[in-house]
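Q: Before I ask anything, here is the structure I am working with.
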Amino acid sequence: MSKVTLNDINVSYDGKTQILKGLNLEIGEGELVSLLGPSGCGKTTTLRVIAGFIIPSSGQLLVDTEEMTKVPVHKRNFGLVFQSYALFPHLSVYENVAFGLKLRKMDKNEMDRKIKEILEVCDLTEYAQRFPKQLSGGQRQRVALARALVIEPRLLLLDEPLSNLDAKLRLNMRVEIKRLQKKLGITTVFVTHDQEECFSISDKVAVMNGGVIEQFGTPEEIYSRPKTEFVARFIGFENFIKLRRKAAQTYVAEDGSVFAVEKDGGQEECLGTIRPDDIQIVSSNDTGSNTILAKVEVRTYLGKSYQYELSTPIGRLVVNDGSGNLVNAGETMRIMLPSTKIVLV
Amino acid sequence: MRKNKFLTFYACLVFGFLFLPLAIIAVTAFNTAPTISFPISGFTLKWFANVFATKSFLSGFQLSFMLAIVATLIALLVGVPAAYALSRNSVKGKKLLKSFFLSPTIIPGIVVGYSLYQFIVLKMKLPVMQGLLIGHFLVVLPYVIRVVGSALEQFDFSIEEMAWTLGCGKVKAFFKVVLPNISSGIVAAFMLAFINSFNNIPVSMFLSGPGVRTLPTALMNYIEYFYDPTVSAVSVLLMAATIVIMFVVEKTLGIGALTK
């Protein structure tokens, strides 16, 4: 079990383009931390700094209290799984898994026992003599995982390991990775752009954008309390309203309509944001607090609900409604933005 | 698929254009007439006997063979690391370096031969053998870098990185992971380089010295004095050898290895 600290990491290419800008991150012992963000946000670069493929131009990488910033890759003893799996094509499953152990000058019988054990754990025993070409995507994935785990690494680094699998297999592997990670208690960094995958598997999530971490917290915190507009947009808050503070827990939109907001951050000017699922359609004579009148522009069928694009005095809003009471384009409806669901960013 | 008669005919025409001269040469090798002529007037094997009786052909073959082997091996020793560096590192001016390495295949052989003659023979005054070796090495190096380079580019770099994370140093990883996976590229490079060195005339012509002749230059020399079917017989023997080698490569690696 190891804890990982990234201190003010800077990475730039050709001294010009900054990929990571003073990145700080602390990963606790045995935690599974996800780096989540759109492509180009620096999440893979961060993983490659930890793995040792990239030496940062400044900053420190600590594992426990040991300085690792400049330790060469092959002396770090971190297990890695790539999106492409990167199995050795010329070696069988057994030899792929044995590769790391053979370099460690280990007793033959001990080695054989360890390999068989991890093959068993990863449900690969019957494929031991096959070559990577002869395996399905899910099997290759498990070989890559077994190969990374058998060396008993200090850290497990996973770079979008599930992106090449079909939806159902992905779900199974997700559970499998989580189970193995908890069983072995191994500190893990997981890079992904898929938020559902990320929330379900992680102890903590770091949402990245433009080379910095925008927010670091538990999946629940991030899902319900995004701290910046970027994080909010990335995790599905689609409605943003410009607000000005009037009094405690009371904010005014640009057109003068007043909204009660339960979690008041104290900012004078900010954006109020709310998920399309959280806006409620109320009866047309309800003029209670936080309600406004809206005109339906477009209605889209989403399967379990209908999505309405609305034009309102406070701007365009998107609402998902599962009630089944249809409102046609051009008609008006009254909507309510619950004070508990508005998040200020 | 619908068969296009015109295209089939056209393909046959091109094929014939390529192979008819070879077929005629092969036939003339068995001619009883004392000059290379077609059609043949009778069947004999005496020109083949003459090949083995002509000293310049035997020593030429020996020299060409040794030269091709040694030059190719040195080119592999130099070219494989160069190709590796070009494919793996973001060297500044990588594109320029690549085209620079390929330039000997673009510049006319006669120019390369002449400049090497100027430099190696006139300026450095190197012995004939060393001069030939350097010349042939330079001729085949681009082929090695080209073919091995494309094999390396097709090999997923992350597989190598994976070996590092498992505890393998960079040099060891190259031998344990990269080399086994580009072996067909290396064999292909060897074949191409060998054939190019073995067939080379312009460079050999400038760098040969008294009594030292490669097979192609010996052939040229022979034709100047005797226009008899011995040359055809040599050609038939070389073609046969090439066919055998290609057959072996096809059976072990697949012909794709050479055309990749």
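Chain labels follow the order of the structure tokens: the first chain is A, the next B, and so on; residue numbering restarts at 1 in every chain, and ligands are counted from 1 in their shown order.
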Can you tell me, as a count of residues only, which residues in region 151-184 of chain A count as helix (DSSP H, G or I) by DSSP?
A: 18
Q: Write down, as a list in words, each residue of chain B that has any atom within 7 Å of an atom of chain A, counting only C-alpha atoms.
A: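 On the chain B side, the interface is Ser158, Ile159, Met162, Trp164, Thr165, Leu166, Gly167, Cys168, Gly169 and Asn181 of chain B.
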Q: Contacts of region 125-138 of chain A at 7 Å or less, counting only C-alpha atoms, minus same-chain residues fewer than 3 places along, as an MDAnalysis selection string?
A: chainID A and resid 87 89 91:94 119:120 141:142 165 169
Q: Write out as a list in words which residues come within 10 Å of Ile50 (chain A) when counting only C-alpha atoms, dropping same-chain ones fewer than 2 positions away.
A: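 Once the nearby chain positions are removed, what remains is Val4, Thr5, Leu6, Thr44, Thr45, Thr46, Leu47, Arg48, Gly52, Phe53, Ile54, Ile55, Pro56, Leu61, Leu62, Val63, Met68, Thr69, Val73, Arg76, Phe78, Leu155, Leu157 and Val189 of chain A.
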Q: I want to know what sits within 10 Å of Phe230 (chain A), based on only C-alpha atoms, with residues of the same chain fewer than 5 positions away left out; could you give that as a list in words?
A: Gly37, Val207, Met208, Asn209, Glu214, Gln215, Ile235, Phe237 and Val345 of chain A
Q: Could you write out the selected residues, including C-alpha atoms, as a PDB file, in the first residue's frame?
A:
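File produced: result.pdb:
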ATOM      1  CA  GLY A  37     -11.656  14.903 -18.402  1.00  0.00           C
ATOM      2  CA  VAL A 207     -11.755  16.340 -12.941  1.00  0.00           C
ATOM      3  CA  MET A 208      -9.094  17.802 -15.203  1.00  0.00           C
ATOM      4  CA  ASN A 209      -9.173  20.609 -17.728  1.00  0.00           C
ATOM      5  CA  GLU A 214     -10.554  21.641 -11.587  1.00  0.00           C
ATOM      6  CA  GLN A 215     -12.039  19.644  -8.747  1.00  0.00           C
ATOM      7  CA  ILE A 235     -20.953  16.051 -15.708  1.00  0.00           C
ATOM      8  CA  PHE A 237     -25.452  20.303 -15.862  1.00  0.00           C
ATOM      9  CA  VAL A 345     -20.422  28.001  -9.655  1.00  0.00           C
TER      10      VAL A 345
END
Q: Taking into account only C-alpha atoms, which residue in the set B:Ile145, B:Val248, B:Ile110, B:Leu237 is nearest to Ala26 (chain B)?
A: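 When distances to Ala26 (chain B) are compared using only C-alpha atoms, the smallest one comes from B:Leu237.
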Q: Determine the nearest neighbour of Ser284 (chain A) from the options A:Lys183, A:Arg225, A:Lys105, A:Arg334, counting only C-alpha atoms.
A: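 Selected residue with least distance to Ser284 (chain A): A:Arg334.
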Q: Could you pull the residues within 10 Å of Gly131 (chain B), counting only C-alpha atoms, minus those fewer than 4 positions along the same chain, as an MDAnalysis selection string?
A: chainID B and resid 116:117 119:121 124:127 135:137 203:204 206:209
Q: Could you save those same residues with N, CA and C atoms as a PDB file, in the first residue's frame?
A:
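File written: again26.pdb
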ATOM      1  N   LEU B 116      32.179   8.537 -55.098  1.00  0.00           N
ATOM      2  CA  LEU B 116      32.926   7.629 -54.221  1.00  0.00           C
ATOM      3  C   LEU B 116      34.337   7.394 -54.773  1.00  0.00           C
ATOM      4  N   TYR B 117      34.424   7.297 -56.099  1.00  0.00           N
ATOM      5  CA  TYR B 117      35.724   7.104 -56.747  1.00  0.00           C
ATOM      6  C   TYR B 117      36.642   8.282 -56.414  1.00  0.00           C
ATOM      7  N   PHE B 119      36.447  10.296 -53.929  1.00  0.00           N
ATOM      8  CA  PHE B 119      36.735  10.423 -52.498  1.00  0.00           C
ATOM      9  C   PHE B 119      37.564   9.245 -51.978  1.00  0.00           C
ATOM     10  N   ILE B 120      37.077   8.025 -52.246  1.00  0.00           N
ATOM     11  CA  ILE B 120      37.705   6.842 -51.645  1.00  0.00           C
ATOM     12  C   ILE B 120      39.011   6.487 -52.345  1.00  0.00           C
ATOM     13  N   VAL B 121      39.001   6.489 -53.671  1.00  0.00           N
ATOM     14  CA  VAL B 121      40.179   6.014 -54.402  1.00  0.00           C
ATOM     15  C   VAL B 121      41.222   7.120 -54.570  1.00  0.00           C
ATOM     16  N   MET B 124      41.384   9.343 -50.502  1.00  0.00           N
ATOM     17  CA  MET B 124      41.791   8.571 -49.321  1.00  0.00           C
ATOM     18  C   MET B 124      42.798   7.492 -49.677  1.00  0.00           C
ATOM     19  N   LYS B 125      42.841   7.120 -50.965  1.00  0.00           N
ATOM     20  CA  LYS B 125      43.757   6.068 -51.420  1.00  0.00           C
ATOM     21  C   LYS B 125      43.590   4.770 -50.625  1.00  0.00           C
ATOM     22  N   LEU B 126      42.327   4.384 -50.389  1.00  0.00           N
ATOM     23  CA  LEU B 126      42.065   3.151 -49.647  1.00  0.00           C
ATOM     24  C   LEU B 126      42.267   1.947 -50.563  1.00  0.00           C
ATOM     25  N   PRO B 127      42.640   0.785 -49.982  1.00  0.00           N
ATOM     26  CA  PRO B 127      42.764  -0.435 -50.785  1.00  0.00           C
ATOM     27  C   PRO B 127      41.432  -0.783 -51.456  1.00  0.00           C
ATOM     28  N   GLY B 135      31.632   1.416 -50.429  1.00  0.00           N
ATOM     29  CA  GLY B 135      30.690   1.765 -51.488  1.00  0.00           C
ATOM     30  C   GLY B 135      29.409   0.960 -51.390  1.00  0.00           C
ATOM     31  N   HIS B 136      29.541  -0.347 -51.259  1.00  0.00           N
ATOM     32  CA  HIS B 136      28.353  -1.200 -51.209  1.00  0.00           C
ATOM     33  C   HIS B 136      27.548  -0.970 -49.948  1.00  0.00           C
ATOM     34  N   PHE B 137      28.254  -0.721 -48.849  1.00  0.00           N
ATOM     35  CA  PHE B 137      27.573  -0.409 -47.594  1.00  0.00           C
ATOM     36  C   PHE B 137      26.676   0.820 -47.784  1.00  0.00           C
ATOM     37  N   VAL B 203      28.648   1.522 -58.928  1.00  0.00           N
ATOM     38  CA  VAL B 203      29.587   1.737 -57.830  1.00  0.00           C
ATOM     39  C   VAL B 203      30.770   0.775 -57.946  1.00  0.00           C
ATOM     40  N   SER B 204      30.466  -0.503 -58.249  1.00  0.00           N
ATOM     41  CA  SER B 204      31.532  -1.506 -58.373  1.00  0.00           C
ATOM     42  C   SER B 204      32.502  -1.128 -59.493  1.00  0.00           C
ATOM     43  N   PHE B 206      33.437   1.755 -60.653  1.00  0.00           N
ATOM     44  CA  PHE B 206      34.377   2.815 -60.294  1.00  0.00           C
ATOM     45  C   PHE B 206      35.387   2.367 -59.249  1.00  0.00           C
ATOM     46  N   LEU B 207      34.943   1.452 -58.369  1.00  0.00           N
ATOM     47  CA  LEU B 207      35.794   1.136 -57.221  1.00  0.00           C
ATOM     48  C   LEU B 207      36.629  -0.127 -57.413  1.00  0.00           C
ATOM     49  N   SER B 208      36.363  -0.893 -58.486  1.00  0.00           N
ATOM     50  CA  SER B 208      37.141  -2.107 -58.712  1.00  0.00           C
ATOM     51  C   SER B 208      38.576  -1.731 -59.073  1.00  0.00           C
ATOM     52  N   GLY B 209      39.464  -2.675 -58.758  1.00  0.00           N
ATOM     53  CA  GLY B 209      40.857  -2.428 -59.100  1.00  0.00           C
ATOM     54  C   GLY B 209      41.365  -3.548 -59.975  1.00  0.00           C
TER      55      GLY B 209
END
Q: Neighbours of region 311-314 of chain A within 7 Å (only C-alpha atoms; same-chain residues fewer than 6 positions away dropped), as a list in words?
A: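 The filter keeps Ile241, Ala253, Glu254, Asp255, Leu293, Ala294, Lys295, Val296 and Glu297 of chain A.
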Q: Identify which of the residues A:Thr218, A:Thr332, A:Gln139, A:Gln267 lies closest to Lys242 (chain A), counting only C-alpha atoms when measuring atom-to-atom distances.
A: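 The shortest atom-to-atom distance to Lys242 (chain A) comes from A:Gln267.
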Q: Run DSSP on the backbone and grab whatever in region 56-276 of chain A lands in strand (DSSP E); send it over as an NGL selection string.
A: :A and (58-63 or 66-67 or 78-81 or 155-159 or 187-192 or 204-209 or 212-217 or 239-247 or 250-253 or 258-260 or 269-274)
